[in-house]
Amino acid sequence: MADSGDRRRFIYNLHEQSKPVGAVRWLPSVSPFLRLAAMSVLSPPAIEIHSFSSQSPNPNPDLNLVSSYPLPSSATSLTSFKSHNYTLIAASTSTGSLHIFSVNPYDGKIESQIISISDKDSFHCGPIQSIDVETSSTGECATAGEDGRVNLVLVGEDKVENFRVCESDGLVAYTAVKWGSPVEFVTGGVGPGLQWWDKRRPGGPVAQFKGVWGRGTVTGMIHSIDIHPSRKHTCVVGGSSGAVYAWDLRWQQQAITLAGTGLEAKSQPFSESEVWEVKYDAFTPQVSSTKVLPVMMCSEDGFLAVLQQDERPVQLLEEPCAINSFDIDPQNPSDVIVALEWESVGILSRGREETEMA
């Protein structure tokens, strides 16, 4: 069971949408009074930018649609980042294309589509399940697909370069990818296994974690990976059967289970459904410097919770439908935006003493 002691110490505004939302991401803010968020709309497929004012005396500010851009098919992954003072959004689709947009950081208007790649021979021939952009140095976008391909896309001043890292001819499906450094990244797919890749050592993964999902009685897959910039040797993973665990490169064959029933290790029976997303939570105080940093997760059975190693989960939300996605604002880690399956978007501000519903 989750610890609900801190459950109501926040303001929660729920905003109904007219379209189903797959993923949500905060955009870098240049003003403390205007907040921007990107959403991937599933039907009709599009990227939308919404704004709301934190200056208004209204404790329940409305989300306002600022701009949108159509996609050729439903978005499967979404990320936002800054590059050379530009605010950018990257989205992958169910038909194997990658799109990167430039957004005006002052008003949220989508200014242009600067990249669109959809070649099935040189890129992906099936859904791209996950993308991640290396923002500290190279600006490369890693893509992981159901077709068993892993690609790196580098955007130069006058051209776009696409480099194939892995081609498994469909024998392996990749569903998650995350950069650990400018030259290293991690992938995951069907089953609990992880692969650590190093661009300096081509030819295959340089390290792998192989576990047994559901004690060998069920199959599952990895949906999300996160790596903290201060602990690049450790990644946290969310997947099937409520599994949330950490993998440390220094002890490669032993996972640290935070929640779920997905791995052989003893775990806490919090959620047994799909964990759609995991992210390190900078807002929650760390219990011990020797343990895994606090992790936030969302699940198919409607939970949003914070997990810590050897501690009881702290449940923030329990919705009657799936929470498809969430994002923690890196500039204001107390604020969390969530996308609900039932055509709603919620904004949660922690550290408050009340709960509001818009």
# chains A, B, ... in the order shown; residues from 1 in each chain; ligands from 1
call {"tool": "select_by_dssp", "arguments": {"residues": "segment 175-349 of chain A", "states": "strand (DSSP E or B)", "output": "PyMOL selection string"}}
result
chain A and resi 175-181+184-190+194-198+207-209+221-228+231-239+244-248+255-259+275-280+295-299+303-307+314-318+323-328+335-340+344-349
call {"tool": "residues_around", "arguments": {"residues": "Cys166 of chain A", "least_positions_apart": "3", "cutoff": "9 Å", "atoms": "only C-alpha atoms", "output": "list of chain:residue names"}}
result
A:Gly148, A:Arg149, A:Val150, A:Asn151, A:Gly203, A:Gly204
call {"tool": "closest_atom_pairs", "arguments": {"of": "segment 138-235 of chain A", "to": "segment 91-106 of chain A", "cutoff": "10 Å", "atoms": "only C-alpha atoms", "output": "JSON lines"}}
result
{"residue": "A:Cys141", "atom": "CA", "partner": "A:Leu98", "partner_atom": "CA", "distance": 9.6}
{"residue": "A:Thr143", "atom": "CA", "partner": "A:Ser92", "partner_atom": "CA", "distance": 8.3}
{"residue": "A:Ala144", "atom": "CA", "partner": "A:Ser92", "partner_atom": "CA", "distance": 9.8}
{"residue": "A:Gly145", "atom": "CA", "partner": "A:Gly96", "partner_atom": "CA", "distance": 7.7}
{"residue": "A:Glu146", "atom": "CA", "partner": "A:Gly96", "partner_atom": "CA", "distance": 9.2}
{"residue": "A:Asp147", "atom": "CA", "partner": "A:Gly96", "partner_atom": "CA", "distance": 9.2}
{"residue": "A:Val153", "atom": "CA", "partner": "A:Leu98", "partner_atom": "CA", "distance": 9.5}
call {"tool": "write_last_selection", "arguments": {"atoms": "N, CA and C atoms", "output": "PDB file, in the first residue's frame"}}
result
ATOM      1  N   CYS A 141      20.074  12.936 -31.549  1.00  0.00           N
ATOM      2  CA  CYS A 141      18.813  12.322 -31.168  1.00  0.00           C
ATOM      3  C   CYS A 141      18.918  10.812 -31.386  1.00  0.00           C
ATOM      4  N   THR A 143      17.106   7.167 -31.511  1.00  0.00           N
ATOM      5  CA  THR A 143      15.781   6.618 -31.776  1.00  0.00           C
ATOM      6  C   THR A 143      15.815   5.104 -31.617  1.00  0.00           C
ATOM      7  N   ALA A 144      14.784   4.543 -30.978  1.00  0.00           N
ATOM      8  CA  ALA A 144      14.690   3.103 -30.761  1.00  0.00           C
ATOM      9  C   ALA A 144      13.350   2.623 -31.285  1.00  0.00           C
ATOM     10  N   GLY A 145      13.361   1.576 -32.154  1.00  0.00           N
ATOM     11  CA  GLY A 145      12.136   1.178 -32.823  1.00  0.00           C
ATOM     12  C   GLY A 145      11.758  -0.273 -32.650  1.00  0.00           C
ATOM     13  N   GLU A 146      10.474  -0.543 -32.902  1.00  0.00           N
ATOM     14  CA  GLU A 146       9.975  -1.912 -32.880  1.00  0.00           C
ATOM     15  C   GLU A 146      10.622  -2.765 -33.965  1.00  0.00           C
ATOM     16  N   ASP A 147      11.160  -2.118 -34.996  1.00  0.00           N
ATOM     17  CA  ASP A 147      11.801  -2.858 -36.081  1.00  0.00           C
ATOM     18  C   ASP A 147      13.185  -3.369 -35.717  1.00  0.00           C
ATOM     19  N   VAL A 153      20.678  10.534 -34.889  1.00  0.00           N
ATOM     20  CA  VAL A 153      20.451  11.605 -35.848  1.00  0.00           C
ATOM     21  C   VAL A 153      21.186  12.846 -35.365  1.00  0.00           C
TER      22      VAL A 153
END
call {"tool": "closest_residue", "arguments": {"among": "A:Asp310, A:Asp335, A:Glu341, A:Asp248", "to": "His228 of chain A", "atoms": "only C-alpha atoms"}}
result
A:Asp248
call {"tool": "residues_around", "arguments": {"residues": "Pro333 of chain A", "least_positions_apart": "5", "cutoff": "8 Å", "atoms": "only C-alpha atoms", "output": "JSON list (two decimals) with C-alpha atoms, in the first residue's frame"}}
result
[["chain", "number", "residue", "atom", "x", "y", "z"],
["A", 281, "ASP", "CA", 12.33, 13.47, -8.80],
["A", 282, "ALA", "CA", 14.46, 16.45, -7.73],
["A", 283, "PHE", "CA", 11.73, 17.80, -5.44],
["A", 328, "ILE", "CA", 8.49, 17.25, -13.88]]
call {"tool": "residues_around", "arguments": {"residues": "Ile47 of chain A", "least_positions_apart": "2", "cutoff": "12 Å", "atoms": "only C-alpha atoms", "output": "number ranges by chain"}}
result
A: 19-25, 37-45, 49-50, 65-80, 89-93, 99-103, 108-110, 113
call {"tool": "atom_distance", "arguments": {"atom1": "atom CA of Val345 of chain A", "atom2": "atom CA of Ser51 of chain A"}}
result
12.5 Å
call {"tool": "residues_around", "arguments": {"residues": "Val206 of chain A", "least_positions_apart": "2", "cutoff": "9 Å", "atoms": "only C-alpha atoms", "output": "VMD selection string"}}
result
chain A and resid 195 to 198 201 to 204 208
call {"tool": "closest_residue", "arguments": {"among": "A:Ser271, A:Leu27, A:Ser181, A:His15", "to": "Pro313 of chain A", "atoms": "only C-alpha atoms"}}
result
A:Ser271
call {"tool": "select_by_dssp", "arguments": {"residues": "segment 6-253 of chain A", "states": "helix (DSSP H, G or I)", "output": "PDB file with C-alpha atoms, in the first residue's frame"}}
result
ATOM      1  CA  TRP A 213      10.508 -11.130 -15.889  1.00  0.00           C
ATOM      2  CA  GLY A 214       7.775 -12.276 -13.526  1.00  0.00           C
ATOM      3  CA  ARG A 215       9.970 -15.101 -12.229  1.00  0.00           C
ATOM      4  CA  GLY A 216       9.825 -16.663 -15.669  1.00  0.00           C
ATOM      5  CA  SER A 240       5.395  -4.360 -17.190  1.00  0.00           C
ATOM      6  CA  SER A 241       3.891  -5.880 -14.031  1.00  0.00           C
ATOM      7  CA  GLY A 242       4.450  -2.654 -12.112  1.00  0.00           C
ATOM      8  CA  LEU A 249      26.912  -0.526 -14.102  1.00  0.00           C
ATOM      9  CA  ARG A 250      29.208  -1.299 -11.170  1.00  0.00           C
ATOM     10  CA  TRP A 251      27.058  -4.332 -10.264  1.00  0.00           C
TER      11      TRP A 251
END
call {"tool": "atom_distance", "arguments": {"atom1": "atom CA of Pro205 of chain A", "atom2": "atom CA of Tyr280 of chain A"}}
result
24.3 Å
call {"tool": "closest_residue", "arguments": {"among": "A:Ala322, A:Val244, A:Leu63, A:Val155", "to": "Val295 of chain A", "atoms": "only C-alpha atoms"}}
result
A:Val244
call {"tool": "atom_distance", "arguments": {"atom1": "atom CA of Cys321 of chain A", "atom2": "atom CA of Gly191 of chain A"}}
result
25.1 Å
